[in-house]
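Engineer: My questions all concern the structure below.
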Amino acid sequence: MRTLSVETNNKIGQEVTLKGWVNARRNMGKIVFLDLRDRAGIVQVVGVPAELDEASQEKLKTVRPEWVVEIRGVVNARGAKQQNPEMPTGMVEVLAKELKVLAEAEPLPLDLEDEKIGMDVHLDYLPLTLRADKYRAVFKIQAEIVRGFRDYLNTQGFTEIQAPKIVAAAAEGGADVFEVSYLKNKATLAQSPQFYKQIMVGVFERVFAVGNCFRAEQHATTRHLNEFTGLDLEMGMITDHHDVMDLEMAMMRHILNHLDATVSSELKIWKYARPLLPEKVPFMTLREVQQLIKEKTGVDHISEPDLEPSEEKWLGEYAKTIFNSDFIFVTHYPTSKRPMYTYPDEKNPEFTKSFDLLFRGIEITSGGQRHNDYNALVKSMENKGLNPEDFKFYLEAFKYGMPPEGGFGLGLERLTARLLEIDNVKYATLFPRDLNRIDLQISPPEYKQ
Ligand code: ATP
Ligand code: MG
């Protein structure tokens, strides 16, 4: 029976069979140390020729990083000087008795633990570079973020839905829409599950979706991808956008606790500092923020419809210093700049009951209360120069009783990047699509970043 790397801890003195990849090989004279990696972790194997049969001795000479091997051996406690408390299996090692090769690997084109590998090389070799400890950690953590998101919402009465990715009309407006040919017609790739999650509020009241979102971003930045993973939710029976904001932060707290409980050793690899998340996350209106920036820095952007990246960064630092929070909500973006489904503030309809959540100085979420009244929604479309006929299908949901509702969209890769303080979102994206790359480079060099 197979033993996983981390299970060796409880099997001192016993014979085990391990299967895994050679993560590293170290020669000490005739003795060979192999770090063996499997799905659960890494364990050190000691290969002493005298302990092995002849065939195994030969194999021990040849195995290199990424070879897949099967090792029968005995688990021993490490000597006091060899112990490594940083490593989950750092108190044991396996003395090999037999070694079989399950799959060979070509010599590696790069050293997986090399800190200086550039972005392009990293991406060109992703099937290999993703195996490095650092990146296995990133995507293990990411998987647990998704699990935490799901688990929390399931306890709060949300139903998970699958929204289509081939859609007829752009939900978020703007130019960043991918057109695709659709048999004899044209369609677009969904920028978000917006319409479908709203329709589903009429069915289930509370819904969420984890799914791919497509944006034809015409620029190369450290925060934009052409395909990202949206963590989306939508909930009915709200009073206003604050209900959605409160739920988001309760969800965030759950996710942070979940990460501590499940991936603490992966977090350690990234020198993770748990984000500051106060009981009540601060919130300010866009105009208040702009006023503050004017007072503190002299920059007057009071008539701008959004914050610039440098202003978001400034506000992130301000929130940390003044409110002891790595998160801050900015609310009340102008009605003219938010999508047509956004609910205007009754007190000042030029501004909306919408919010962005900034995490360590970068937007990770947009959300808010939505129009739930059919006539108001049609009017809002018209005000934006949109033809309600184009949205006939979506509008059906609002004809037949839609409660006051709201929701948000959270970018999984941006959240992961901010959490681990990774400065380019592509390192927190499994297979990033950008201006000049779909897996491999697709564009001529002048398009390069
Ligand atoms: P930005 O202003 O940063 O371009 P946005 O306001 O266009 O983003 P939204 O439509 O509000 O984005 O999407 C909700 C969330 O989805 C964002 O807060 C972000 O976390 C994520 N997101 C949006 N566009 C992208 C993208 N191109 N790449 C990665 N994540 C994205
Ligand atoms: Mg946004």
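Just so we're on the same page: first chain in the structure tokens is A, next is B, and so on; residues restart at 1 for each chain, and ligands are numbered from 1 in the order they show up.
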Distance table requested - chain A against ligand 2, cut-off 7 Å, only C-alpha atoms and all ligand atoms: one row per qualifying residue with the closest atom pair and its distance in Å to one decimal, ordered by chain and rising residue number, as a tab-separated table.
Structural biologist:
residue	atom	partner	partner_atom_place_in_ligand_line	distance
A:Asp356	CA	ligand 2	1 (Mg)	6.3
A:Glu363	CA	ligand 2	1 (Mg)	6.9
A:Thr365	CA	ligand 2	1 (Mg)	6.2
A:Ser366	CA	ligand 2	1 (Mg)	4.4
Engineer: Mind writing the picked residues with N, CA and C atoms as an mmCIF file, in the first residue's frame?
Structural biologist:
data_model
loop_
_atom_site.group_PDB
_atom_site.id
_atom_site.type_symbol
_atom_site.label_atom_id
_atom_site.label_comp_id
_atom_site.auth_asym_id
_atom_site.auth_seq_id
_atom_site.Cartn_x
_atom_site.Cartn_y
_atom_site.Cartn_z
ATOM 1 N N ASP A 356 -16.725 49.807 -4.422
ATOM 2 C CA ASP A 356 -15.547 49.014 -4.762
ATOM 3 C C ASP A 356 -14.900 48.644 -3.448
ATOM 4 N N GLU A 363 -8.272 47.643 -6.307
ATOM 5 C CA GLU A 363 -9.665 47.191 -6.373
ATOM 6 C C GLU A 363 -9.705 45.682 -6.572
ATOM 7 N N THR A 365 -12.987 44.160 -5.847
ATOM 8 C CA THR A 365 -14.424 43.904 -5.996
ATOM 9 C C THR A 365 -15.140 45.152 -6.454
ATOM 10 N N SER A 366 -16.143 44.960 -7.320
ATOM 11 C CA SER A 366 -17.163 45.984 -7.516
ATOM 12 C C SER A 366 -18.506 45.367 -7.177
#
Engineer: If you count only C-alpha atoms, which residues fall within 6 Å of Glu98 in chain A, apart from same-chain ones fewer than 6 positions away, as a list in words?
Structural biologist: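 Contacts, in chain order: Leu52, Ser56, Ile71 and Arg72 of chain A.
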Engineer: Report as a tab-separated table the residues of chain A within 10 Å of ligand 1, each with its shortest atom pair and distance in Å (one decimal), using only C-alpha atoms and all ligand atoms, ordered by chain and increasing residue number.
Structural biologist:
residue	atom	partner	partner_atom_place_in_ligand_line	distance
A:Ala171	CA	ligand 1	10 (O)	9.3
A:Glu172	CA	ligand 1	10 (O)	6.4
A:Gly173	CA	ligand 1	10 (O)	9.2
A:Gly174	CA	ligand 1	7 (O)	8.9
A:Asp176	CA	ligand 1	27 (N)	8.7
A:Gln191	CA	ligand 1	10 (O)	7.5
A:Ser192	CA	ligand 1	10 (O)	7.4
A:Gln194	CA	ligand 1	10 (O)	9.6
A:Cys213	CA	ligand 1	24 (N)	8.0
A:Phe214	CA	ligand 1	27 (N)	7.5
A:Arg215	CA	ligand 1	27 (N)	5.4
A:Ala216	CA	ligand 1	27 (N)	7.6
A:Glu217	CA	ligand 1	27 (N)	6.1
A:Gln218	CA	ligand 1	27 (N)	9.6
A:His219	CA	ligand 1	27 (N)	9.5
A:Ala220	CA	ligand 1	27 (N)	9.8
A:Thr221	CA	ligand 1	27 (N)	9.1
A:Thr222	CA	ligand 1	28 (N)	9.0
A:Arg223	CA	ligand 1	29 (C)	5.9
A:His224	CA	ligand 1	28 (N)	3.5
A:Leu225	CA	ligand 1	28 (N)	3.7
A:Asn226	CA	ligand 1	27 (N)	5.3
A:Glu227	CA	ligand 1	28 (N)	6.5
A:Phe228	CA	ligand 1	29 (C)	5.2
A:Thr229	CA	ligand 1	30 (N)	7.4
A:Gly230	CA	ligand 1	16 (O)	6.1
A:Leu231	CA	ligand 1	16 (O)	8.1
A:Asp232	CA	ligand 1	14 (C)	8.6
A:Asp306	CA	ligand 1	2 (O)	8.5
A:Leu307	CA	ligand 1	2 (O)	9.0
A:Glu308	CA	ligand 1	2 (O)	9.1
A:Pro309	CA	ligand 1	3 (O)	8.4
A:Arg338	CA	ligand 1	6 (O)	9.2
A:Pro339	CA	ligand 1	10 (O)	9.0
A:Phe355	CA	ligand 1	11 (O)	9.3
A:Asp356	CA	ligand 1	18 (O)	7.0
A:Leu357	CA	ligand 1	18 (O)	7.4
A:Leu358	CA	ligand 1	18 (O)	8.4
A:Phe359	CA	ligand 1	20 (O)	9.9
A:Ile362	CA	ligand 1	3 (O)	7.9
A:Glu363	CA	ligand 1	18 (O)	5.1
A:Ile364	CA	ligand 1	20 (O)	3.6
A:Thr365	CA	ligand 1	18 (O)	3.5
A:Ser366	CA	ligand 1	11 (O)	4.2
A:Gly367	CA	ligand 1	11 (O)	7.2
A:Phe408	CA	ligand 1	14 (C)	7.3
A:Gly409	CA	ligand 1	14 (C)	4.6
A:Leu410	CA	ligand 1	15 (C)	4.7
A:Gly411	CA	ligand 1	20 (O)	3.3
A:Leu412	CA	ligand 1	20 (O)	6.8
A:Glu413	CA	ligand 1	29 (C)	6.5
A:Arg414	CA	ligand 1	20 (O)	5.5
A:Leu415	CA	ligand 1	20 (O)	7.0
A:Val425	CA	ligand 1	29 (C)	7.4
A:Lys426	CA	ligand 1	29 (C)	9.0
A:Thr429	CA	ligand 1	29 (C)	9.1
A:Pro432	CA	ligand 1	28 (N)	9.5
A:Arg433	CA	ligand 1	28 (N)	9.5
A:Asp434	CA	ligand 1	27 (N)	9.0
Engineer: If you run DSSP on the backbone, which residues of range 105-266 of chain A are alpha helix (DSSP H), as number ranges by chain?
Structural biologist: A: 119-124, 126-129, 133-155, 194-204, 241-262, 264-266
Engineer: Give me the residues near range 238-247 of chain A as a list in words, where near means some atom within 7 Å (using only C-alpha atoms) and where sequence neighbours in that chain fewer than 3 positions away do not count.
Structural biologist: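 Answer for this query is Ala250, Met251, Lys353, Ser354, Gly368, Gln369, Pro404, Glu405, Gly406 and Gly407 of chain A.
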Engineer: I'd like the interatomic distance between CA of Glu266 in chain A and CA of Glu86 in chain A, to a tenth of an Å.
Structural biologist: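 Spanning CA of Glu266 in chain A to CA of Glu86 in chain A is a straight-line distance of 11.5 Å.
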Engineer: For Thr62 in chain A, which of A:Ile199, A:Ala168, A:Val210, A:Leu99 is the closest residue, counting only C-alpha atoms?
Structural biologist: A:Leu99
Engineer: Leaving out range 154-166 of chain A and any residue of its chain fewer than 3 positions from it, which residues lie within 7 Å of it when counting only C-alpha atoms, given as a PyMOL selection string?
Structural biologist: chain A and resi 150-151+187-190+193+196+204+206-209
Engineer: Take the residues just selected and output them with C-alpha atoms as a tab-separated table (two decimals), in the first residue's frame.
Structural biologist:
chain	number	residue	atom	x	y	z
A	150	ARG	CA	-18.22	28.20	-1.41
A	151	ASP	CA	-18.36	26.86	2.13
A	187	ALA	CA	-22.02	36.19	-29.93
A	188	THR	CA	-19.80	37.55	-27.16
A	189	LEU	CA	-17.93	35.98	-24.28
A	190	ALA	CA	-19.40	36.87	-20.89
A	193	PRO	CA	-22.37	36.38	-14.88
A	196	TYR	CA	-27.86	35.46	-15.00
A	204	PHE	CA	-33.42	31.26	-5.40
A	206	ARG	CA	-29.43	34.09	-2.89
A	207	VAL	CA	-27.02	32.72	-5.49
A	208	PHE	CA	-23.33	32.58	-6.21
A	209	ALA	CA	-21.13	31.53	-9.12
Engineer: Neighbours of Pro275 in chain A within 8 Å (only C-alpha atoms; same-chain residues fewer than 2 positions away dropped), as a PDB file with C-alpha atoms, in the first residue's frame?
Structural biologist:
ATOM      1  CA  ALA A 273       1.050  38.380   6.843  1.00  0.00           C
ATOM      2  CA  LEU A 277      -9.511  43.127   8.944  1.00  0.00           C
ATOM      3  CA  SER A 325      -7.345  47.990   7.972  1.00  0.00           C
ATOM      4  CA  ASP A 326      -5.988  46.441   4.785  1.00  0.00           C
ATOM      5  CA  LEU A 419      -3.125  38.289  -0.201  1.00  0.00           C
TER       6      LEU A 419
END
Engineer: Pick the closest to Pro305 in chain A from A:Tyr341, A:Val281, A:Ser336, A:Val289: which is it, counting only C-alpha atoms?
Structural biologist: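 The closest residue to Pro305 in chain A is A:Ser336.
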Engineer: Determine, counting only C-alpha atoms, which protein, DNA and RNA residues have an atom within 10 Å of an atom of Phe323 in chain A; residues of the same chain fewer than 4 positions away are not included. Present the result as a tab-separated table (two decimals) with all heavy atoms, in the first residue's frame.
Structural biologist:
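Output below, filename out.tsv:
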chain	number	residue	atom	x	y	z
A	276	LEU	N	-5.05	42.86	7.83
A	276	LEU	CA	-5.76	43.54	8.92
A	276	LEU	C	-7.21	43.69	8.49
A	276	LEU	O	-7.51	44.32	7.48
A	276	LEU	CB	-5.14	44.92	9.15
A	276	LEU	CG	-3.66	44.92	9.53
A	276	LEU	CD1	-3.09	46.34	9.42
A	276	LEU	CD2	-3.48	44.35	10.92
A	277	LEU	N	-8.09	43.10	9.28
A	277	LEU	CA	-9.51	43.13	8.94
A	277	LEU	C	-10.29	43.49	10.21
A	277	LEU	O	-10.61	42.62	11.02
A	277	LEU	CB	-9.94	41.75	8.39
A	277	LEU	CG	-11.40	41.48	8.12
A	277	LEU	CD1	-12.03	42.59	7.30
A	277	LEU	CD2	-11.57	40.15	7.39
A	278	PRO	N	-10.56	44.78	10.40
A	278	PRO	CA	-11.25	45.19	11.62
A	278	PRO	C	-12.71	44.74	11.63
A	278	PRO	O	-13.25	44.36	10.59
A	278	PRO	CB	-11.16	46.72	11.58
A	278	PRO	CG	-10.92	47.07	10.16
A	278	PRO	CD	-10.25	45.91	9.52
A	280	LYS	N	-15.38	46.40	11.80
A	280	LYS	CA	-16.15	47.13	10.79
A	280	LYS	C	-15.15	47.75	9.80
A	280	LYS	O	-14.34	48.60	10.18
A	280	LYS	CB	-16.97	48.23	11.48
A	280	LYS	CG	-17.89	49.00	10.54
A	280	LYS	CD	-19.14	48.20	10.20
A	280	LYS	CE	-19.94	48.89	9.09
A	280	LYS	NZ	-20.92	48.02	8.45
A	281	VAL	N	-15.21	47.29	8.58
A	281	VAL	CA	-14.28	47.81	7.57
A	281	VAL	C	-14.69	49.23	7.20
A	281	VAL	O	-15.88	49.51	7.00
A	281	VAL	CB	-14.28	46.87	6.34
A	281	VAL	CG1	-13.58	47.51	5.15
A	281	VAL	CG2	-13.60	45.56	6.69
A	282	PRO	N	-13.72	50.15	7.12
A	282	PRO	CA	-14.08	51.54	6.82
A	282	PRO	C	-14.68	51.70	5.43
A	282	PRO	O	-14.39	50.92	4.53
A	282	PRO	CB	-12.74	52.28	6.91
A	282	PRO	CG	-11.69	51.23	6.76
A	282	PRO	CD	-12.27	49.97	7.30
A	317	GLU	N	-2.93	52.84	1.78
A	317	GLU	CA	-1.97	53.15	2.85
A	317	GLU	C	-2.64	53.97	3.95
A	317	GLU	O	-2.41	53.76	5.13
A	317	GLU	CB	-0.75	53.89	2.28
A	317	GLU	CG	0.26	52.90	1.73
A	317	GLU	CD	1.17	53.49	0.67
A	317	GLU	OE1	1.37	54.72	0.64
A	317	GLU	OE2	1.67	52.69	-0.16
A	318	TYR	N	-3.50	54.88	3.52
A	318	TYR	CA	-4.24	55.71	4.48
A	318	TYR	C	-5.11	54.82	5.38
A	318	TYR	O	-5.12	54.98	6.61
A	318	TYR	CB	-5.10	56.72	3.70
A	318	TYR	CG	-5.94	57.63	4.56
A	318	TYR	CD1	-5.39	58.79	5.11
A	318	TYR	CD2	-7.28	57.34	4.81
A	318	TYR	CE1	-6.16	59.63	5.90
A	318	TYR	CE2	-8.06	58.17	5.60
A	318	TYR	CZ	-7.49	59.32	6.14
A	318	TYR	OH	-8.26	60.15	6.92
A	319	ALA	N	-5.82	53.87	4.76
A	319	ALA	CA	-6.71	52.99	5.53
A	319	ALA	C	-5.91	52.18	6.54
A	319	ALA	O	-6.35	51.95	7.67
A	319	ALA	CB	-7.47	52.05	4.59
A	327	PHE	N	-8.33	46.72	4.23
A	327	PHE	CA	-9.47	46.83	3.32
A	327	PHE	C	-10.15	48.18	3.51
A	327	PHE	O	-10.22	48.69	4.63
A	327	PHE	CB	-10.51	45.75	3.64
A	327	PHE	CG	-10.01	44.34	3.47
A	327	PHE	CD1	-9.40	43.67	4.53
A	327	PHE	CD2	-10.15	43.67	2.26
A	327	PHE	CE1	-8.93	42.37	4.38
A	327	PHE	CE2	-9.70	42.37	2.10
A	327	PHE	CZ	-9.09	41.71	3.17
A	328	ILE	N	-10.65	48.73	2.41
A	328	ILE	CA	-11.51	49.91	2.54
A	328	ILE	C	-12.50	49.92	1.39
A	328	ILE	O	-12.16	49.58	0.25
A	328	ILE	CB	-10.69	51.23	2.61
A	328	ILE	CG1	-11.64	52.43	2.81
A	328	ILE	CG2	-9.78	51.44	1.41
A	328	ILE	CD1	-10.93	53.72	3.25
Engineer: Given the choices A:Asn372, A:Asn424, A:Thr8, A:Asn387, which gets closest to Gly202 in chain A if the distance is worked out from only C-alpha atoms?
Structural biologist: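 Of the candidates, the smallest distance to Gly202 in chain A is held by A:Asn372.
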Engineer: Could you pull out all residues of range 29-192 of chain A with a DSSP call of strand (DSSP E or B) and give them as a compact mmCIF listing (two decimals) with N, CA, C and O atoms, in the first residue's frame?
Structural biologist:
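Dumped to part16.txt:
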# COMPACT_ATOMS: atom_id res chain seq x y z
N ILE A 31 26.42 8.61 -0.79
CA ILE A 31 25.03 8.70 -0.32
C ILE A 31 24.28 9.75 -1.13
O ILE A 31 24.81 10.82 -1.42
N VAL A 32 23.05 9.41 -1.50
CA VAL A 32 22.23 10.35 -2.27
C VAL A 32 20.98 10.70 -1.46
O VAL A 32 20.29 9.81 -0.96
N PHE A 33 20.74 11.99 -1.30
CA PHE A 33 19.51 12.44 -0.65
C PHE A 33 18.53 12.87 -1.73
O PHE A 33 18.89 13.65 -2.61
N LEU A 34 17.32 12.33 -1.66
CA LEU A 34 16.28 12.75 -2.62
C LEU A 34 15.15 13.39 -1.82
O LEU A 34 14.68 12.81 -0.84
N ASP A 35 14.73 14.57 -2.24
CA ASP A 35 13.49 15.11 -1.69
C ASP A 35 12.39 14.58 -2.60
O ASP A 35 12.37 14.88 -3.80
N LEU A 36 11.51 13.80 -2.03
CA LEU A 36 10.46 13.19 -2.83
C LEU A 36 9.16 13.97 -2.63
O LEU A 36 8.73 14.20 -1.50
N ARG A 37 8.58 14.39 -3.74
CA ARG A 37 7.37 15.24 -3.68
C ARG A 37 6.16 14.44 -4.14
O ARG A 37 6.20 13.82 -5.20
N ASP A 38 5.11 14.47 -3.35
CA ASP A 38 3.85 13.88 -3.82
C ASP A 38 2.74 14.87 -3.55
O ASP A 38 3.00 16.01 -3.16
N GLY A 41 2.97 16.52 0.01
CA GLY A 41 4.10 17.29 0.51
C GLY A 41 5.42 16.70 0.03
O GLY A 41 5.49 16.12 -1.05
N ILE A 42 6.44 16.87 0.88
CA ILE A 42 7.79 16.44 0.51
C ILE A 42 8.39 15.65 1.67
O ILE A 42 8.19 16.01 2.83
N VAL A 43 9.11 14.58 1.36
CA VAL A 43 9.81 13.86 2.42
C VAL A 43 11.22 13.54 1.92
O VAL A 43 11.43 13.34 0.72
N GLN A 44 12.16 13.49 2.84
CA GLN A 44 13.55 13.20 2.45
C GLN A 44 13.80 11.69 2.43
O GLN A 44 13.47 10.99 3.37
N VAL A 45 14.38 11.26 1.32
CA VAL A 45 14.75 9.85 1.17
C VAL A 45 16.27 9.76 1.15
O VAL A 45 16.93 10.58 0.51
N VAL A 46 16.81 8.79 1.87
CA VAL A 46 18.26 8.61 1.88
C VAL A 46 18.59 7.34 1.10
O VAL A 46 18.06 6.27 1.39
N GLY A 47 19.43 7.51 0.10
CA GLY A 47 19.85 6.36 -0.70
C GLY A 47 21.28 5.98 -0.38
O GLY A 47 22.22 6.70 -0.71
N VAL A 68 9.83 10.36 -11.89
CA VAL A 68 8.80 9.83 -10.99
C VAL A 68 9.27 8.45 -10.54
O VAL A 68 9.60 7.61 -11.37
N VAL A 69 9.32 8.29 -9.23
CA VAL A 69 9.88 7.05 -8.69
C VAL A 69 8.97 6.41 -7.64
O VAL A 69 8.11 7.08 -7.06
N GLU A 70 9.21 5.12 -7.46
CA GLU A 70 8.55 4.39 -6.37
C GLU A 70 9.65 3.88 -5.46
O GLU A 70 10.61 3.28 -5.94
N ILE A 71 9.52 4.17 -4.19
CA ILE A 71 10.58 3.81 -3.25
C ILE A 71 10.01 3.01 -2.09
O ILE A 71 9.05 3.44 -1.45
N ARG A 72 10.63 1.85 -1.87
CA ARG A 72 10.29 1.09 -0.66
C ARG A 72 11.41 1.36 0.33
O ARG A 72 12.59 1.36 -0.05
N GLY A 73 11.04 1.66 1.55
CA GLY A 73 12.10 1.97 2.51
C GLY A 73 11.56 1.97 3.93
O GLY A 73 10.39 1.67 4.18
N VAL A 74 12.46 2.31 4.86
CA VAL A 74 12.09 2.30 6.28
C VAL A 74 12.13 3.73 6.82
O VAL A 74 13.08 4.47 6.55
N VAL A 75 11.11 4.09 7.56
CA VAL A 75 11.05 5.44 8.12
C VAL A 75 11.91 5.49 9.39
O VAL A 75 11.74 4.66 10.29
N ASN A 76 12.82 6.45 9.43
CA ASN A 76 13.66 6.63 10.61
C ASN A 76 13.49 8.05 11.17
O ASN A 76 13.22 8.98 10.41
N ALA A 77 13.66 8.17 12.47
CA ALA A 77 13.71 9.52 13.05
C ALA A 77 15.05 10.14 12.66
O ALA A 77 16.06 9.44 12.61
N VAL A 92 11.70 13.29 10.20
CA VAL A 92 11.90 11.91 9.74
C VAL A 92 12.63 11.88 8.40
O VAL A 92 12.75 12.90 7.71
N GLU A 93 13.08 10.68 8.05
CA GLU A 93 13.60 10.45 6.70
C GLU A 93 13.36 8.98 6.38
O GLU A 93 13.13 8.17 7.28
N VAL A 94 13.42 8.66 5.09
CA VAL A 94 13.14 7.28 4.69
C VAL A 94 14.41 6.68 4.10
O VAL A 94 14.96 7.21 3.14
N LEU A 95 14.87 5.60 4.71
CA LEU A 95 16.05 4.91 4.20
C LEU A 95 15.60 3.95 3.10
O LEU A 95 14.83 3.02 3.36
N ALA A 96 16.07 4.21 1.87
CA ALA A 96 15.57 3.43 0.72
C ALA A 96 16.10 2.01 0.73
O ALA A 96 17.27 1.76 1.04
N LYS A 97 15.21 1.07 0.40
CA LYS A 97 15.59 -0.34 0.27
C LYS A 97 15.44 -0.80 -1.18
O LYS A 97 16.08 -1.73 -1.62
N GLU A 98 14.55 -0.13 -1.90
CA GLU A 98 14.32 -0.49 -3.30
C GLU A 98 13.82 0.74 -4.05
O GLU A 98 13.03 1.52 -3.50
N LEU A 99 14.29 0.91 -5.26
CA LEU A 99 13.91 2.10 -6.02
C LEU A 99 13.50 1.69 -7.43
O LEU A 99 14.24 0.98 -8.12
N LYS A 100 12.29 2.09 -7.82
CA LYS A 100 11.82 1.81 -9.19
C LYS A 100 11.54 3.13 -9.87
O LYS A 100 11.07 4.08 -9.23
N VAL A 101 11.79 3.18 -11.17
CA VAL A 101 11.50 4.40 -11.93
C VAL A 101 10.16 4.23 -12.63
O VAL A 101 9.96 3.28 -13.39
N LEU A 102 9.22 5.14 -12.35
CA LEU A 102 7.90 5.07 -12.99
C LEU A 102 7.86 5.93 -14.26
O LEU A 102 7.11 5.64 -15.19
N ALA A 103 8.63 7.03 -14.26
CA ALA A 103 8.71 7.87 -15.47
C ALA A 103 9.99 8.69 -15.41
O ALA A 103 10.33 9.23 -14.37
N THR A 159 -27.35 29.42 -3.17
CA THR A 159 -27.32 28.27 -4.08
C THR A 159 -26.29 28.56 -5.17
O THR A 159 -26.31 29.65 -5.77
N GLU A 160 -25.43 27.60 -5.43
CA GLU A 160 -24.42 27.80 -6.47
C GLU A 160 -25.05 27.59 -7.85
O GLU A 160 -25.78 26.63 -8.06
N ILE A 166 -21.24 32.00 -23.11
CA ILE A 166 -21.55 32.53 -24.44
C ILE A 166 -22.82 33.35 -24.27
O ILE A 166 -23.85 32.83 -23.84
N VAL A 167 -22.72 34.63 -24.56
CA VAL A 167 -23.86 35.51 -24.30
C VAL A 167 -24.14 36.39 -25.52
O VAL A 167 -23.28 36.56 -26.39
N GLU A 179 -15.71 39.25 -29.22
CA GLU A 179 -16.73 38.72 -30.13
C GLU A 179 -16.30 37.33 -30.55
O GLU A 179 -15.12 37.08 -30.79
N VAL A 180 -17.26 36.44 -30.67
CA VAL A 180 -16.95 35.12 -31.21
C VAL A 180 -17.96 34.79 -32.28
O VAL A 180 -19.10 35.27 -32.25
N SER A 181 -17.52 33.99 -33.24
CA SER A 181 -18.52 33.58 -34.24
C SER A 181 -19.32 32.45 -33.63
O SER A 181 -18.78 31.58 -32.93
N TYR A 182 -20.61 32.52 -33.83
CA TYR A 182 -21.51 31.55 -33.21
C TYR A 182 -22.36 30.92 -34.31
O TYR A 182 -23.40 31.46 -34.69
N ASN A 185 -24.09 33.09 -36.65
CA ASN A 185 -24.28 34.39 -36.03
C ASN A 185 -23.04 34.82 -35.25
O ASN A 185 -22.02 34.14 -35.26
N LYS A 186 -23.20 35.94 -34.56
CA LYS A 186 -22.12 36.41 -33.69
C LYS A 186 -22.62 36.38 -32.25
O LYS A 186 -23.80 36.62 -31.97
N ALA A 187 -21.69 36.13 -31.36
CA ALA A 187 -22.02 36.19 -29.93
C ALA A 187 -20.84 36.85 -29.23
O ALA A 187 -19.85 37.21 -29.88
N THR A 188 -20.94 37.03 -27.92
CA THR A 188 -19.80 37.55 -27.16
C THR A 188 -19.51 36.62 -25.99
O THR A 188 -20.36 35.83 -25.58
N LEU A 189 -18.30 36.74 -25.47
CA LEU A 189 -17.93 35.98 -24.28
C LEU A 189 -18.31 36.81 -23.05
O LEU A 189 -18.09 38.02 -23.02
Engineer: Interatomic distance between CA of Tyr135 in chain A and CA of His254 in chain A?
Structural biologist: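 If I compute the distance from CA of Tyr135 in chain A to CA of His254 in chain A, I get 23.4 Å.
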Engineer: Calculated over only C-alpha atoms, which of the candidates A:Ile255, A:Thr342, A:Glu304, A:Met237 has the smallest distance to Gln291 in chain A?
Structural biologist: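 Looking at the shortest contact to Gln291 in chain A, the residue is A:Glu304.
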Engineer: As an exercise, work out the distance from CA of Ala50 in chain A to CA of Lys30 in chain A in Å and give it to one decimal place.
Structural biologist: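 Distance reported for this atom pair: 9.6 Å.
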Engineer: So, with only C-alpha atoms as the atoms that count, which of A:Glu66, A:Glu58, A:Glu205, A:Glu382 lies closest to Gly20 in chain A?
Structural biologist: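 Of A:Glu66, A:Glu58, A:Glu205, A:Glu382, the one nearest Gly20 in chain A is A:Glu66, counting only C-alpha atoms.
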